Amino acid sequence: MPQRPDLTDRESVNRLRLIVRVARMYHERGMRQAEIAGALGLSQARVSRLLRSATELGVVRTVVVAPPGIHSDLEDALAERYQLTDVVVVDGDDLPGHSHTLMRALGTAAASYLETAFHPGDLIGVSTWSETLLAAVEAMQPARAPGADKVVQLMGGVGDPQGQVQATRLTAGLAERTGATPLFVRAPGMVGSVEARLSLLNDPAVREVSQAWQQLTAVLVGIGSLEPSPLLRLGGNAVTEEDIARLRGLGAVGDICQRFFDENGVHVDAGLGELTIGISVDQLRTVPRRIAVAGWERKYTAVRAAVRGRWITALVTDITTARRLLDEP
């Protein structure tokens with residue numbers, strides 16, 4: 001808290017006048033300390049002390065003014081409310097709903113955050129079937145120095161060739177931009193039986209990836225609503241309509257990497273875990289940094305559930321979703 005100057009003492013008043021004069025010369029007129037010292041016949045050391053006193057007395061006050069489009073107060077409030085380490089909020093009120101424009105805006109905001117989020121030696125997991133994550137990765141600038149060791153696909157991606165290409169692009173693109181080596185899951189995301197899953201998990205190539213899942217230092221994921229994303233459906237790795245009905249009956253509202261949860265973030269399985277080739281719930285939730293990129297009205301309930309259940313540690317979202325999350329009782 002700034003000190004209160006003594007205005008009853010003549011010497012104090014004269015010193016205060018000098019402090020204000022020096023502060024105005026420095027901050028308003030842009031004069032250097034050496035110039036001020038010469039103009040007033042003072043030593044440069046004294047000018048420096050007077051400027052320091054100007055801050056201590058509250059004559060000079062530092063005010064941080066966020067530029068339009070930067071929502072630091074909202075980000076800090078959301079992080080505190082849901083115990084997140086990082087939140088990035090992007091404008092979206094003036095964009096048309098449910099369009100590629102919204103997805104691109106979210107992806108661009110995520111790209112800026114991700115460019116400094118990873119460190120040398122990181123093992124990064126990335127979920128496969130997200131158009132928003134693909135937009136984020138494609139908007140990233142390549143790292144000037146290696147920013148990670150490996151980028152590991154978090155669930156199977158073998159399926160329809162067109163969808164598979166998109167899934168591979170996501171993993172390979174993030175690896176390229178972070179200077180890492182990609183590690184792919186050479187198996188489908190969903191299989192037809194428990195026996196088929198166990199057989200694939202024992203394959204040496206898949207076993208290498210599953211071992212990497214236990215060593216991840218960060219993951220980059222999307223948050224899905226109960227209805228599969230177009231990319232996941234295209235790849236032929238989505239759950240069936242019958243599965244969705246069963247999940248809905250159990251209260252499921254969303255998923256991360258095909259691991260479903262209810263409105264409070266409690267895991268809901270419905271037997272699908274035994275058919276899924278991908279990172280397990282326990283493996284996912286023990287990764288130190290879990291970064292999610294998701295937003296907009298269609299996914300609000302799923303995003304809210306994910307933060308309530310502590311599935312993630314960092315969130316990149318739109319301003320409407322952020323405000324609604326803060327308005328929750």
# chains A, B, ... in the order shown; residues from 1 in each chain; ligands from 1
>>> residues_around(residues="Gly224 (chain A)", least_positions_apart="3", cutoff="7 Å", atoms="only C-alpha atoms", output="ChimeraX atom specification")
/A:228,254-256,299,302
>>> select_by_dssp(residues="region 123-251 of chain A", states="helix (DSSP H, G or I)", output="JSON, numbers by chain")
{"A": [131, 132, 133, 134, 135, 136, 137, 138, 139, 161, 162, 163, 164, 165, 166, 167, 168, 169, 170, 171, 172, 173, 174, 175, 176, 177, 178, 194, 195, 196, 197, 198, 199, 200, 201, 204, 205, 206, 207, 208, 209, 210, 211, 212, 213, 230, 231, 232, 233, 234, 241, 242, 243, 244, 245, 246, 247, 248, 249]}
>>> select_by_dssp(residues="region 79-220 of chain A", states="strand (DSSP E or B)", output="ChimeraX atom specification")
/A:86-90,123-126,150-153,155,181-183,190,218-220
>>> atom_distance(atom1="CA of Ser53 (chain A)", atom2="CA of Ile19 (chain A)")
7.2 Å
>>> residues_around(residues="Ile312 (chain A)", least_positions_apart="3", cutoff="7 Å", atoms="only C-alpha atoms", output="PyMOL selection string")
chain A and resi 290-292+306-307
>>> residues_around(residues="Leu247 (chain A)", least_positions_apart="6", cutoff="8 Å", atoms="only C-alpha atoms", output="PyMOL selection string")
chain A and resi 268-270
>>> write_last_selection(atoms="all heavy atoms", output="PDB file, in the first residue's frame")
ATOM      1  N   VAL A 268     -18.294 -43.087 -16.714  1.00  0.00           N
ATOM      2  CA  VAL A 268     -19.375 -43.992 -17.092  1.00  0.00           C
ATOM      3  C   VAL A 268     -18.844 -44.908 -18.182  1.00  0.00           C
ATOM      4  O   VAL A 268     -18.408 -44.434 -19.228  1.00  0.00           O
ATOM      5  CB  VAL A 268     -20.596 -43.201 -17.617  1.00  0.00           C
ATOM      6  CG1 VAL A 268     -21.671 -44.161 -18.118  1.00  0.00           C
ATOM      7  CG2 VAL A 268     -21.164 -42.302 -16.526  1.00  0.00           C
ATOM      8  N   ASP A 269     -18.899 -46.223 -17.969  1.00  0.00           N
ATOM      9  CA  ASP A 269     -18.234 -47.138 -18.891  1.00  0.00           C
ATOM     10  C   ASP A 269     -19.181 -47.811 -19.867  1.00  0.00           C
ATOM     11  O   ASP A 269     -18.940 -47.837 -21.069  1.00  0.00           O
ATOM     12  CB  ASP A 269     -17.465 -48.191 -18.099  1.00  0.00           C
ATOM     13  CG  ASP A 269     -16.670 -49.108 -19.034  1.00  0.00           C
ATOM     14  OD1 ASP A 269     -15.873 -48.594 -19.836  1.00  0.00           O
ATOM     15  OD2 ASP A 269     -16.866 -50.332 -18.953  1.00  0.00           O
ATOM     16  N   ALA A 270     -20.243 -48.390 -19.394  1.00  0.00           N
ATOM     17  CA  ALA A 270     -21.211 -49.124 -20.228  1.00  0.00           C
ATOM     18  C   ALA A 270     -20.567 -50.266 -20.993  1.00  0.00           C
ATOM     19  O   ALA A 270     -21.035 -50.679 -22.054  1.00  0.00           O
ATOM     20  CB  ALA A 270     -21.909 -48.166 -21.194  1.00  0.00           C
TER      21      ALA A 270
END
>>> residues_around(residues="Glu274 (chain A)", least_positions_apart="2", cutoff="6 Å", atoms="only C-alpha atoms", output="tab-separated table (two decimals) with all heavy atoms, in the first residue's frame")
chain	number	residue	atom	x	y	z
A	194	VAL	N	-13.84	-58.48	-26.74
A	194	VAL	CA	-12.78	-58.38	-25.73
A	194	VAL	C	-11.54	-59.13	-26.21
A	194	VAL	O	-10.40	-58.67	-26.03
A	194	VAL	CB	-13.27	-58.96	-24.39
A	194	VAL	CG1	-12.14	-58.97	-23.37
A	194	VAL	CG2	-14.45	-58.16	-23.86
A	272	LEU	N	-17.85	-50.31	-22.65
A	272	LEU	CA	-17.09	-49.94	-23.85
A	272	LEU	C	-15.59	-49.95	-23.62
A	272	LEU	O	-14.81	-50.07	-24.57
A	272	LEU	CB	-17.52	-48.55	-24.32
A	272	LEU	CG	-18.97	-48.43	-24.80
A	272	LEU	CD1	-19.30	-46.99	-25.15
A	272	LEU	CD2	-19.20	-49.34	-26.00
A	276	THR	N	-12.24	-50.75	-26.38
A	276	THR	CA	-11.55	-49.55	-26.85
A	276	THR	C	-10.04	-49.73	-26.84
A	276	THR	O	-9.47	-50.17	-25.84
A	276	THR	CB	-11.91	-48.34	-25.97
A	276	THR	OG1	-13.33	-48.15	-26.01
A	276	THR	CG2	-11.22	-47.08	-26.45
>>> closest_residue(among="A:Gly249, A:Gly265, A:Pro120, A:Gly147", to="Leu174 (chain A)", atoms="only C-alpha atoms")
A:Gly147
